[in-house]
Amino acid sequence: MASPPTTSRTFLDTGLPLFGAPPYKVSDLSPETVAFGRKEIELAEHEMPGLMALRRRHRDRKPLAGARITGSLHMTIQTAVLIETLIDLGAEVRWASCNVFSTQDHAAAAAVVGPPSSGGTPAVPKGPAIFAFKGETLAEYWWCTLAALTWPDGAGPNLILDDGGDATLLVHKGAEFEAAGSVPDPATAENEEFAIVLRLLAAVQEHDRTFWGTLAKGIKGVSEETTTGVNRLYQMQRAGTLLFAAIDVNNSVTKSKFDNIYGCRHSLVDGINRATDVMLAGKVAVICGYGDVGKGCAQSLRGQQCRVLVTEIDPICALQACMDGYQVVRLEDVVETADIFVTATGNFNIITAEHMQRMKHNAIVGNIGHFDNEIDLAGLAKVPGVERVNIKPQVDEWIIPAPGNAPDRKRHSIIVLAEGRLLNLGCATGHPSFVMSSSFTNQVLAQIELHTEHEKYERQVYTLPKKLDEEVARLHLEKLDARLTELTPQQAEYIGVSVEGPYKPVHYRY
Ligand code: NAD
Ligand code: RBV
């Protein structure tokens, strides 16, 4: 890419320039906010032993020198520690959040200014280019993603670090429509958000008809954080449309069997409590989906002594729920009697407008899956007479004309968290640092692998080798004072592994 496309045009109603983004876009760069963010980053570093070990191990070698990484992942305190690790290892970084509500503004501010060693100040920031603020509109969100993908000299990234696949989607759809010669009419989009994506791509195409193709060619690969993003990548692989190599970080055992389960076990009740402060004990809670996230959510609510019910489509996961002591039900059979509903399926249309009209007065409805289409709020908004009353940011009362069991029996309400977007990051601060250290250590290893060994990789989806997975776990044991037993050579031979691992065959499921 020779130089950035130039245009004075702004994107939709954002007032933000389509190209030539400012050096960063965060909500508040006041010294107090920056100092608060830095203090929390320093506390988090202590809880992120995997990332800190990678810094110590690789800092001098700079394995990410020459890497230009575009990140699209919740701009939290934990992510700030990830970003600073990537930079420490030699990378140049531009970042956007992967959700309109998940940014912690003090984390974004401190990251933009940079760590004390950078010499940055709020007046002269020296950190990476971050485009993220809590409460973005959808137009601002997609503008931020484009800004994170475009370097001031017109270059694009050579690596993407994605969560949910939005940065990857923008590049793929951009390249696809460029090859087709035109972008579909936004009026044909299935939802409001995709109409905005199409508007953005049309605006880019109007100014540069080779922008995405060139950008895609420069990308060596993507590492993907979450189940939903990984599903999208495997779908592209099957369709033969994947434009670069991909590492599925989610299916590292030290990611999905830790973050998705134990992370959600921590952050689900955190989100519900901060949003509603309702007494959870004794309430009936329905978890839709008993995969990794659903398992963590069920434990989380059982820990508060809720009576937990589960819905599933998969007989194996349904049987697991039964063996764990939960009743497996159909949503339609309990929708009138349960108090709390949490979707964790990664699927869409799980809670419909019809379901919500039948719920108890003040039932709490939230989603912890990646996207907001698990709960059909767009459908609810179309029901005649429905009214949305904002209680506080990310908490809405939806007043529904159907009688329900409200005291006046004329209408009833439900409480919807984070507008149906992942409530643990919208209403609280996401997972805690320790578990994110495990996820993000996998991310850094994946980025190093894609950067230094990219000739090994085809346009396919890969997982990290088990040896590295075990290494990530190992890096977190000391902090917990765990003492691992060492195999004797005879024992190793008896069970058919090597003393140094890997200790399990690839088909082992944990
Ligand atoms: P998973 O595939 O392990 O689990 C999803 C489960 O939902 C599966 O068992 C599936 O059978 C079930 N399911 C699908 N359709 C269903 C339906 N109609 N009704 C009932 N159950 C249904 O995936 P996961 O790793 O648990 O992730 C779930 C979602 O959460 C994904 O979108 C993922 O990206 C996201 N995620 C969010 C966080 C967070 O912090 N909020 C953390 C990790 C993952
Ligand atoms: N997640 N990040 C955080 N505190 O930064 N919390 C959760 C954080 C990630 C988690 O890895 C999950 O797969 C993804 O968010 C879903 O978007």
# chains A, B, ... in the order shown; residues from 1 in each chain; ligands from 1

call {"tool": "closest_atom_pairs", "arguments": {"of": "stretch 417-481 of chain A", "to": "stretch 390-406 of chain A", "cutoff": "9 Å", "atoms": "only C-alpha atoms", "output": "JSON lines"}}
result
{"residue": "A:Leu417", "atom": "CA", "partner": "A:Val395", "partner_atom": "CA", "distance": 4.9}
{"residue": "A:Ala418", "atom": "CA", "partner": "A:Gln394", "partner_atom": "CA", "distance": 4.2}
{"residue": "A:Glu419", "atom": "CA", "partner": "A:Gln394", "partner_atom": "CA", "distance": 6.4}
{"residue": "A:Leu423", "atom": "CA", "partner": "A:Gln394", "partner_atom": "CA", "distance": 8.4}
{"residue": "A:Gly426", "atom": "CA", "partner": "A:Gln394", "partner_atom": "CA", "distance": 6.6}
{"residue": "A:Cys427", "atom": "CA", "partner": "A:Gln394", "partner_atom": "CA", "distance": 6.2}

call {"tool": "select_by_dssp", "arguments": {"residues": "stretch 265-360 of chain A", "states": "alpha helix (DSSP H)", "output": "PyMOL selection string"}}
result
chain A and resi 265-276+292-303+315-323+331-334+353-358

call {"tool": "residues_near_ligand", "arguments": {"ligand": "ligand 2", "cutoff": "10 Å", "atoms": "only C-alpha atoms and all ligand atoms", "output": "CSV table (one decimal) with N, CA, C and O atoms, in the first residue's frame"}}
result
chain,number,residue,atom,x,y,z
A,72,SER,N,-8.6,-6.8,17.8
A,72,SER,CA,-10.0,-6.5,18.0
A,72,SER,C,-10.4,-7.3,19.2
A,72,SER,O,-10.8,-8.5,19.0
A,73,LEU,N,-10.3,-6.8,20.4
A,73,LEU,CA,-10.6,-7.6,21.6
A,73,LEU,C,-10.9,-6.6,22.7
A,73,LEU,O,-10.2,-5.6,22.8
A,74,HIS,N,-11.9,-7.0,23.5
A,74,HIS,CA,-12.3,-6.1,24.6
A,74,HIS,C,-11.2,-5.3,25.2
A,74,HIS,O,-10.2,-5.9,25.8
A,75,MET,N,-11.3,-4.0,25.2
A,75,MET,CA,-10.2,-3.1,25.7
A,75,MET,C,-10.3,-3.0,27.2
A,75,MET,O,-10.7,-1.9,27.8
A,76,THR,N,-9.9,-4.1,27.9
A,76,THR,CA,-10.0,-4.1,29.4
A,76,THR,C,-8.6,-3.9,30.0
A,76,THR,O,-7.6,-3.9,29.2
A,77,ILE,N,-8.5,-3.9,31.3
A,77,ILE,CA,-7.2,-3.9,32.0
A,77,ILE,C,-6.4,-5.1,31.6
A,77,ILE,O,-5.2,-5.0,31.3
A,78,GLN,N,-7.0,-6.3,31.5
A,78,GLN,CA,-6.2,-7.5,31.1
A,78,GLN,C,-5.7,-7.4,29.7
A,78,GLN,O,-4.6,-7.7,29.4
A,79,THR,N,-6.5,-6.8,28.8
A,79,THR,CA,-6.1,-6.6,27.4
A,79,THR,C,-4.9,-5.6,27.4
A,79,THR,O,-4.0,-5.8,26.5
A,80,ALA,N,-4.9,-4.6,28.2
A,80,ALA,CA,-3.8,-3.6,28.3
A,80,ALA,C,-2.5,-4.4,28.6
A,80,ALA,O,-1.5,-4.1,28.0
A,81,VAL,N,-2.6,-5.4,29.5
A,81,VAL,CA,-1.3,-6.1,29.8
A,81,VAL,C,-0.9,-7.0,28.6
A,81,VAL,O,0.3,-7.1,28.3
A,82,LEU,N,-1.9,-7.5,27.9
A,82,LEU,CA,-1.6,-8.3,26.6
A,82,LEU,C,-0.9,-7.3,25.6
A,82,LEU,O,0.1,-7.7,25.1
A,97,SER,N,-11.9,-2.3,20.4
A,97,SER,CA,-12.6,-3.3,21.2
A,97,SER,C,-13.4,-4.2,20.3
A,97,SER,O,-13.7,-3.8,19.1
A,98,CYS,N,-13.9,-5.3,20.8
A,98,CYS,CA,-14.7,-6.2,19.9
A,98,CYS,C,-16.2,-6.1,20.4
A,98,CYS,O,-17.0,-7.0,20.1
A,99,ASN,N,-16.5,-5.1,21.2
A,99,ASN,CA,-17.8,-5.0,21.7
A,99,ASN,C,-18.0,-3.5,22.1
A,99,ASN,O,-17.1,-2.9,22.6
A,102,SER,N,-17.7,-3.1,26.2
A,102,SER,CA,-16.7,-3.8,27.0
A,102,SER,C,-15.5,-3.0,27.4
A,102,SER,O,-14.7,-3.4,28.2
A,103,THR,N,-15.3,-1.8,26.8
A,103,THR,CA,-14.1,-1.0,27.1
A,103,THR,C,-14.1,-0.5,28.5
A,103,THR,O,-15.1,0.0,28.9
A,104,GLN,N,-13.0,-0.7,29.2
A,104,GLN,CA,-12.8,0.0,30.5
A,104,GLN,C,-12.0,1.3,30.1
A,104,GLN,O,-10.8,1.2,29.7
A,162,ASP,N,-7.9,-11.5,16.9
A,162,ASP,CA,-9.3,-11.2,16.8
A,162,ASP,C,-10.1,-11.9,18.0
A,162,ASP,O,-9.6,-12.9,18.5
A,163,ASP,N,-11.2,-11.3,18.3
A,163,ASP,CA,-12.1,-12.0,19.3
A,163,ASP,C,-13.5,-11.8,18.7
A,163,ASP,O,-14.1,-10.8,18.8
A,164,GLY,N,-14.0,-12.9,18.2
A,164,GLY,CA,-15.3,-12.9,17.6
A,164,GLY,C,-15.3,-12.8,16.1
A,164,GLY,O,-16.3,-13.0,15.4
A,165,GLY,N,-14.1,-12.4,15.6
A,165,GLY,CA,-13.9,-12.4,14.1
A,165,GLY,C,-14.4,-11.1,13.4
A,165,GLY,O,-14.4,-11.1,12.1
A,224,GLU,N,-7.4,-16.3,16.8
A,224,GLU,CA,-8.8,-16.0,17.2
A,224,GLU,C,-9.1,-16.5,18.7
A,224,GLU,O,-8.8,-17.6,19.0
A,225,GLU,N,-9.7,-15.6,19.4
A,225,GLU,CA,-9.9,-15.8,20.9
A,225,GLU,C,-11.1,-16.7,21.2
A,225,GLU,O,-11.0,-17.5,22.1
A,226,THR,N,-12.2,-16.5,20.5
A,226,THR,CA,-13.4,-17.1,21.1
A,226,THR,C,-14.2,-18.1,20.2
A,226,THR,O,-14.0,-18.1,19.0
A,227,THR,N,-15.0,-18.9,20.9
A,227,THR,CA,-15.7,-20.0,20.2
A,227,THR,C,-16.5,-19.5,18.9
A,227,THR,O,-16.4,-20.2,17.9
A,228,THR,N,-17.2,-18.4,19.1
A,228,THR,CA,-18.0,-17.9,17.9
A,228,THR,C,-17.0,-17.5,16.8
A,228,THR,O,-17.3,-17.8,15.6
A,229,GLY,N,-15.9,-16.9,17.1
A,229,GLY,CA,-15.0,-16.4,16.0
A,229,GLY,C,-14.4,-17.7,15.4
A,229,GLY,O,-14.2,-17.7,14.1
A,249,VAL,N,-7.1,-20.1,19.0
A,249,VAL,CA,-6.7,-20.1,20.4
A,249,VAL,C,-7.7,-20.7,21.3
A,249,VAL,O,-7.4,-21.3,22.3
A,250,ASN,N,-9.0,-20.5,21.0
A,250,ASN,CA,-10.0,-21.0,21.9
A,250,ASN,C,-9.9,-22.4,22.2
A,250,ASN,O,-10.2,-22.9,23.3
A,255,LYS,N,-7.3,-22.4,27.3
A,255,LYS,CA,-8.2,-21.3,27.0
A,255,LYS,C,-9.6,-21.8,27.3
A,255,LYS,O,-10.2,-21.5,28.3
A,256,SER,N,-10.2,-22.6,26.4
A,256,SER,CA,-11.6,-22.9,26.6
A,256,SER,C,-12.0,-23.6,27.9
A,256,SER,O,-13.1,-23.4,28.4
A,258,PHE,N,-10.6,-23.2,30.7
A,258,PHE,CA,-10.3,-22.3,31.8
A,258,PHE,C,-11.1,-21.0,31.7
A,258,PHE,O,-12.0,-20.7,32.5
A,259,ASP,N,-10.8,-20.2,30.7
A,259,ASP,CA,-11.5,-18.9,30.5
A,259,ASP,C,-13.0,-19.1,30.4
A,259,ASP,O,-13.8,-18.5,31.2
A,260,ASN,N,-13.5,-20.0,29.5
A,260,ASN,CA,-14.9,-20.1,29.2
A,260,ASN,C,-15.6,-20.7,30.4
A,260,ASN,O,-16.8,-20.3,30.7
A,263,GLY,N,-13.7,-18.5,34.0
A,263,GLY,CA,-13.8,-17.1,33.8
A,263,GLY,C,-15.3,-16.7,34.0
A,263,GLY,O,-15.6,-15.7,34.7
A,264,CYS,N,-16.2,-17.4,33.3
A,264,CYS,CA,-17.6,-17.1,33.4
A,264,CYS,C,-18.2,-17.4,34.8
A,264,CYS,O,-19.1,-16.7,35.2
A,267,SER,N,-17.3,-14.1,36.4
A,267,SER,CA,-17.8,-12.9,35.9
A,267,SER,C,-19.3,-12.8,35.6
A,267,SER,O,-19.9,-11.7,35.4
A,293,VAL,N,-19.0,-22.4,28.4
A,293,VAL,CA,-19.5,-21.2,29.1
A,293,VAL,C,-20.7,-21.5,30.0
A,293,VAL,O,-20.8,-21.1,31.2
A,368,ILE,N,-24.5,-14.1,27.7
A,368,ILE,CA,-23.0,-14.1,28.0
A,368,ILE,C,-22.3,-14.7,26.8
A,368,ILE,O,-21.1,-14.8,26.8
A,369,GLY,N,-23.0,-15.1,25.7
A,369,GLY,CA,-22.4,-15.5,24.5
A,369,GLY,C,-21.8,-14.3,23.7
A,369,GLY,O,-22.1,-13.2,24.1
A,370,HIS,N,-21.1,-14.5,22.6
A,370,HIS,CA,-20.4,-13.4,22.1
A,370,HIS,C,-21.2,-12.3,21.4
A,370,HIS,O,-21.0,-11.1,21.6
A,371,PHE,N,-22.2,-12.7,20.7
A,371,PHE,CA,-23.0,-11.7,20.0
A,371,PHE,C,-24.4,-11.5,20.6
A,371,PHE,O,-24.9,-12.3,21.4
A,421,ARG,N,-26.0,-7.8,24.9
A,421,ARG,CA,-24.6,-8.1,24.6
A,421,ARG,C,-24.0,-8.8,25.8
A,421,ARG,O,-24.6,-8.7,26.9
A,422,LEU,N,-22.8,-9.4,25.6
A,422,LEU,CA,-22.3,-10.2,26.7
A,422,LEU,C,-22.2,-9.4,28.0
A,422,LEU,O,-21.5,-8.4,28.2
A,424,ASN,N,-21.2,-10.0,31.1
A,424,ASN,CA,-20.1,-10.0,32.0
A,424,ASN,C,-19.1,-8.8,31.7
A,424,ASN,O,-18.5,-8.3,32.5
A,425,LEU,N,-19.1,-8.5,30.4
A,425,LEU,CA,-18.2,-7.4,30.0
A,425,LEU,C,-19.0,-6.1,29.9
A,425,LEU,O,-18.4,-5.0,30.0
A,428,ALA,N,-20.1,-5.7,33.9
A,428,ALA,CA,-19.0,-5.8,34.8
A,428,ALA,C,-17.7,-5.6,34.0
A,428,ALA,O,-17.7,-5.1,32.9
A,429,THR,N,-16.6,-6.2,34.5
A,429,THR,CA,-15.3,-6.0,33.8
A,429,THR,C,-14.7,-7.2,33.2
A,429,THR,O,-13.5,-7.4,33.0
A,430,GLY,N,-15.6,-8.2,32.9
A,430,GLY,CA,-15.1,-9.4,32.2
A,430,GLY,C,-14.4,-10.3,33.2
A,430,GLY,O,-14.6,-10.2,34.4
A,431,HIS,N,-13.7,-11.2,32.6
A,431,HIS,CA,-13.0,-12.2,33.5
A,431,HIS,C,-11.8,-11.6,34.2
A,431,HIS,O,-11.2,-10.6,33.8
A,432,PRO,N,-11.4,-12.2,35.4
A,432,PRO,CA,-10.3,-11.7,36.1
A,432,PRO,C,-9.0,-12.0,35.5
A,432,PRO,O,-8.9,-12.8,34.6
A,433,SER,N,-8.0,-11.3,35.9
A,433,SER,CA,-6.6,-11.3,35.3
A,433,SER,C,-6.0,-12.7,35.2
A,433,SER,O,-5.5,-13.1,34.2
A,434,PHE,N,-6.1,-13.5,36.3
A,434,PHE,CA,-5.4,-14.7,36.3
A,434,PHE,C,-5.8,-15.7,35.1
A,434,PHE,O,-5.0,-16.2,34.4
A,435,VAL,N,-7.2,-15.8,34.9
A,435,VAL,CA,-7.6,-16.7,33.9
A,435,VAL,C,-7.3,-16.1,32.5
A,435,VAL,O,-7.1,-16.8,31.5
A,436,MET,N,-7.4,-14.7,32.4
A,436,MET,CA,-7.1,-14.1,31.1
A,436,MET,C,-5.6,-14.2,30.8
A,436,MET,O,-5.2,-14.2,29.6
A,437,SER,N,-4.7,-14.4,31.8
A,437,SER,CA,-3.3,-14.6,31.6
A,437,SER,C,-3.2,-15.9,30.8
A,437,SER,O,-2.3,-16.0,29.9
A,438,SER,N,-3.9,-16.9,31.2
A,438,SER,CA,-3.9,-18.2,30.5
A,438,SER,C,-4.3,-18.0,29.0
A,438,SER,O,-3.6,-18.5,28.1
A,439,SER,N,-5.4,-17.4,28.8
A,439,SER,CA,-5.9,-17.2,27.4
A,439,SER,C,-4.9,-16.4,26.6
A,439,SER,O,-4.5,-16.7,25.5
A,440,PHE,N,-4.4,-15.3,27.2
A,440,PHE,CA,-3.6,-14.4,26.5
A,440,PHE,C,-2.1,-14.9,26.3
A,440,PHE,O,-1.5,-14.5,25.3

call {"tool": "residues_around", "arguments": {"residues": "stretch 320-331 of chain A", "least_positions_apart": "6", "cutoff": "7 Å", "atoms": "only C-alpha atoms", "output": "JSON, numbers by chain"}}
result
{"A": [290, 308, 309, 310, 311]}

call {"tool": "residues_around", "arguments": {"residues": "stretch 279-283 of chain A", "least_positions_apart": "2", "cutoff": "8 Å", "atoms": "only C-alpha atoms", "output": "JSON, numbers by chain"}}
result
{"A": [277, 285, 301, 304, 305, 306, 307, 338, 339, 340]}

call {"tool": "write_last_selection", "arguments": {"atoms": "C-alpha atoms", "output": "mmCIF file, in the first residue's frame"}}
result
data_model
loop_
_atom_site.group_PDB
_atom_site.id
_atom_site.type_symbol
_atom_site.label_atom_id
_atom_site.label_comp_id
_atom_site.auth_asym_id
_atom_site.auth_seq_id
_atom_site.Cartn_x
_atom_site.Cartn_y
_atom_site.Cartn_z
ATOM 1 C CA ASP A 277 -27.990 -6.208 43.023
ATOM 2 C CA ALA A 285 -32.228 -19.436 36.857
ATOM 3 C CA LEU A 301 -25.380 -19.366 39.936
ATOM 4 C CA GLN A 304 -25.170 -18.358 44.956
ATOM 5 C CA GLN A 305 -27.761 -21.070 45.742
ATOM 6 C CA CYS A 306 -29.988 -20.389 42.762
ATOM 7 C CA ARG A 307 -32.042 -23.319 41.543
ATOM 8 C CA ALA A 338 -38.075 -18.697 36.144
ATOM 9 C CA ASP A 339 -36.552 -15.507 37.534
ATOM 10 C CA ILE A 340 -33.277 -15.250 35.609
#

call {"tool": "atom_distance", "arguments": {"atom1": "atom CA of A:Lys39", "atom2": "atom CA of A:Arg59"}}
result
22.4 Å

call {"tool": "closest_residue", "arguments": {"among": "A:Pro23, A:Pro315, A:Pro128, A:Gly37", "to": "ligand 1", "atoms": "only C-alpha atoms and all ligand atoms"}}
result
A:Pro315

call {"tool": "closest_residue", "arguments": {"among": "A:Leu146, A:Ala203, A:Val34, A:Leu18", "to": "A:Arg94", "atoms": "only C-alpha atoms"}}
result
A:Leu146

call {"tool": "select_by_dssp", "arguments": {"residues": "stretch 220-402 of chain A", "states": "strand (DSSP E)", "output": "PyMOL selection string"}}
result
chain A and resi 221-224+245-248+284-288+307-311+327-328+340-343+363-367+387-392+395-400

call {"tool": "write_last_selection", "arguments": {"atoms": "N, CA and C atoms", "output": "tab-separated table (two decimals), in the first residue's frame"}}
result
chain	number	residue	atom	x	y	z
A	221	GLY	N	-1.56	-13.92	9.08
A	221	GLY	CA	-2.49	-14.79	9.79
A	221	GLY	C	-3.23	-14.07	10.89
A	222	VAL	N	-4.20	-14.80	11.45
A	222	VAL	CA	-5.02	-14.30	12.55
A	222	VAL	C	-5.00	-15.32	13.69
A	223	SER	N	-4.98	-14.84	14.92
A	223	SER	CA	-5.22	-15.74	16.04
A	223	SER	C	-6.56	-15.34	16.63
A	224	GLU	N	-7.43	-16.32	16.85
A	224	GLU	CA	-8.82	-16.02	17.25
A	224	GLU	C	-9.09	-16.51	18.66
A	245	ALA	N	-3.77	-17.74	7.08
A	245	ALA	CA	-3.74	-18.79	8.10
A	245	ALA	C	-4.41	-18.30	9.38
A	246	ALA	N	-4.92	-19.26	10.16
A	246	ALA	CA	-5.60	-18.88	11.39
A	246	ALA	C	-5.19	-19.83	12.50
A	247	ILE	N	-4.92	-19.29	13.68
A	247	ILE	CA	-4.71	-20.15	14.85
A	247	ILE	C	-5.91	-19.99	15.78
A	248	ASP	N	-6.52	-21.12	16.06
A	248	ASP	CA	-7.69	-21.22	16.93
A	248	ASP	C	-7.18	-21.27	18.37
A	284	VAL	N	-34.94	-19.02	40.62
A	284	VAL	CA	-34.81	-20.05	39.58
A	284	VAL	C	-34.13	-19.41	38.37
A	285	ALA	N	-32.99	-20.00	37.98
A	285	ALA	CA	-32.23	-19.44	36.86
A	285	ALA	C	-32.16	-20.46	35.73
A	286	VAL	N	-32.34	-20.00	34.50
A	286	VAL	CA	-32.23	-20.89	33.34
A	286	VAL	C	-30.97	-20.52	32.58
A	287	ILE	N	-30.10	-21.51	32.36
A	287	ILE	CA	-28.92	-21.29	31.51
A	287	ILE	C	-29.20	-21.98	30.18
A	288	CYS	N	-29.19	-21.22	29.11
A	288	CYS	CA	-29.41	-21.82	27.77
A	288	CYS	C	-28.05	-22.17	27.19
A	307	ARG	N	-31.64	-22.02	42.08
A	307	ARG	CA	-32.04	-23.32	41.54
A	307	ARG	C	-31.84	-23.23	40.03
A	308	VAL	N	-30.87	-24.01	39.52
A	308	VAL	CA	-30.44	-23.81	38.13
A	308	VAL	C	-31.07	-24.85	37.20
A	309	LEU	N	-31.66	-24.37	36.11
A	309	LEU	CA	-32.20	-25.22	35.06
A	309	LEU	C	-31.36	-25.00	33.81
A	310	VAL	N	-31.30	-25.99	32.96
A	310	VAL	CA	-30.45	-25.91	31.75
A	310	VAL	C	-31.28	-26.28	30.53
A	311	THR	N	-31.06	-25.57	29.42
A	311	THR	CA	-31.61	-26.03	28.14
A	311	THR	C	-30.44	-26.44	27.24
A	327	GLN	N	-31.55	-29.77	36.29
A	327	GLN	CA	-32.68	-30.28	35.52
A	327	GLN	C	-32.60	-29.71	34.11
A	328	VAL	N	-32.75	-30.57	33.13
A	328	VAL	CA	-32.72	-30.13	31.73
A	328	VAL	C	-34.17	-29.94	31.27
A	340	ILE	N	-34.48	-15.75	36.29
A	340	ILE	CA	-33.28	-15.25	35.61
A	340	ILE	C	-33.03	-16.12	34.38
A	341	PHE	N	-32.72	-15.48	33.26
A	341	PHE	CA	-32.45	-16.21	32.02
A	341	PHE	C	-31.10	-15.76	31.48
A	342	VAL	N	-30.21	-16.72	31.22
A	342	VAL	CA	-28.89	-16.37	30.67
A	342	VAL	C	-28.62	-17.23	29.44
A	343	THR	N	-28.36	-16.60	28.31
A	343	THR	CA	-28.04	-17.37	27.09
A	343	THR	C	-26.53	-17.53	26.97
A	363	ALA	N	-38.46	-10.32	35.60
A	363	ALA	CA	-37.49	-11.37	35.28
A	363	ALA	C	-36.24	-10.70	34.69
A	364	ILE	N	-35.08	-11.28	34.99
A	364	ILE	CA	-33.81	-10.71	34.50
A	364	ILE	C	-33.37	-11.52	33.28
A	365	VAL	N	-33.03	-10.82	32.20
A	365	VAL	CA	-32.68	-11.49	30.95
A	365	VAL	C	-31.31	-10.97	30.49
A	366	GLY	N	-30.38	-11.90	30.30
A	366	GLY	CA	-29.05	-11.47	29.83
A	366	GLY	C	-28.40	-12.54	28.99
A	367	ASN	N	-27.36	-12.13	28.30
A	367	ASN	CA	-26.62	-13.03	27.42
A	367	ASN	C	-25.14	-12.97	27.81
A	387	GLU	N	-42.34	-0.63	25.76
A	387	GLU	CA	-41.60	0.60	26.07
A	387	GLU	C	-40.30	0.24	26.77
A	388	ARG	N	-39.23	0.94	26.40
A	388	ARG	CA	-37.93	0.66	27.04
A	388	ARG	C	-37.57	1.84	27.94
A	389	VAL	N	-37.32	1.56	29.21
A	389	VAL	CA	-36.96	2.61	30.16
A	389	VAL	C	-35.55	2.31	30.67
A	390	ASN	N	-34.64	3.25	30.47
A	390	ASN	CA	-33.28	3.01	30.93
A	390	ASN	C	-33.18	3.24	32.43
A	391	ILE	N	-32.63	2.25	33.14
A	391	ILE	CA	-32.45	2.39	34.59
A	391	ILE	C	-31.10	3.03	34.87
A	392	LYS	N	-30.08	2.51	34.22
A	392	LYS	CA	-28.72	3.06	34.31
A	392	LYS	C	-27.98	2.48	33.10
A	395	VAL	N	-28.45	-1.23	31.75
A	395	VAL	CA	-29.58	-1.91	32.40
A	395	VAL	C	-30.87	-1.22	31.95
A	396	ASP	N	-31.76	-1.98	31.32
A	396	ASP	CA	-33.03	-1.43	30.83
A	396	ASP	C	-34.20	-2.23	31.38
A	397	GLU	N	-35.26	-1.48	31.72
A	397	GLU	CA	-36.53	-2.13	32.01
A	397	GLU	C	-37.34	-2.08	30.71
A	398	TRP	N	-37.82	-3.22	30.28
A	398	TRP	CA	-38.71	-3.25	29.11
A	398	TRP	C	-40.12	-3.46	29.63
A	399	ILE	N	-40.98	-2.49	29.40
A	399	ILE	CA	-42.37	-2.59	29.88
A	399	ILE	C	-43.21	-3.22	28.76
A	400	ILE	N	-43.88	-4.28	29.14
A	400	ILE	CA	-44.57	-5.10	28.14
A	400	ILE	C	-46.06	-5.05	28.44
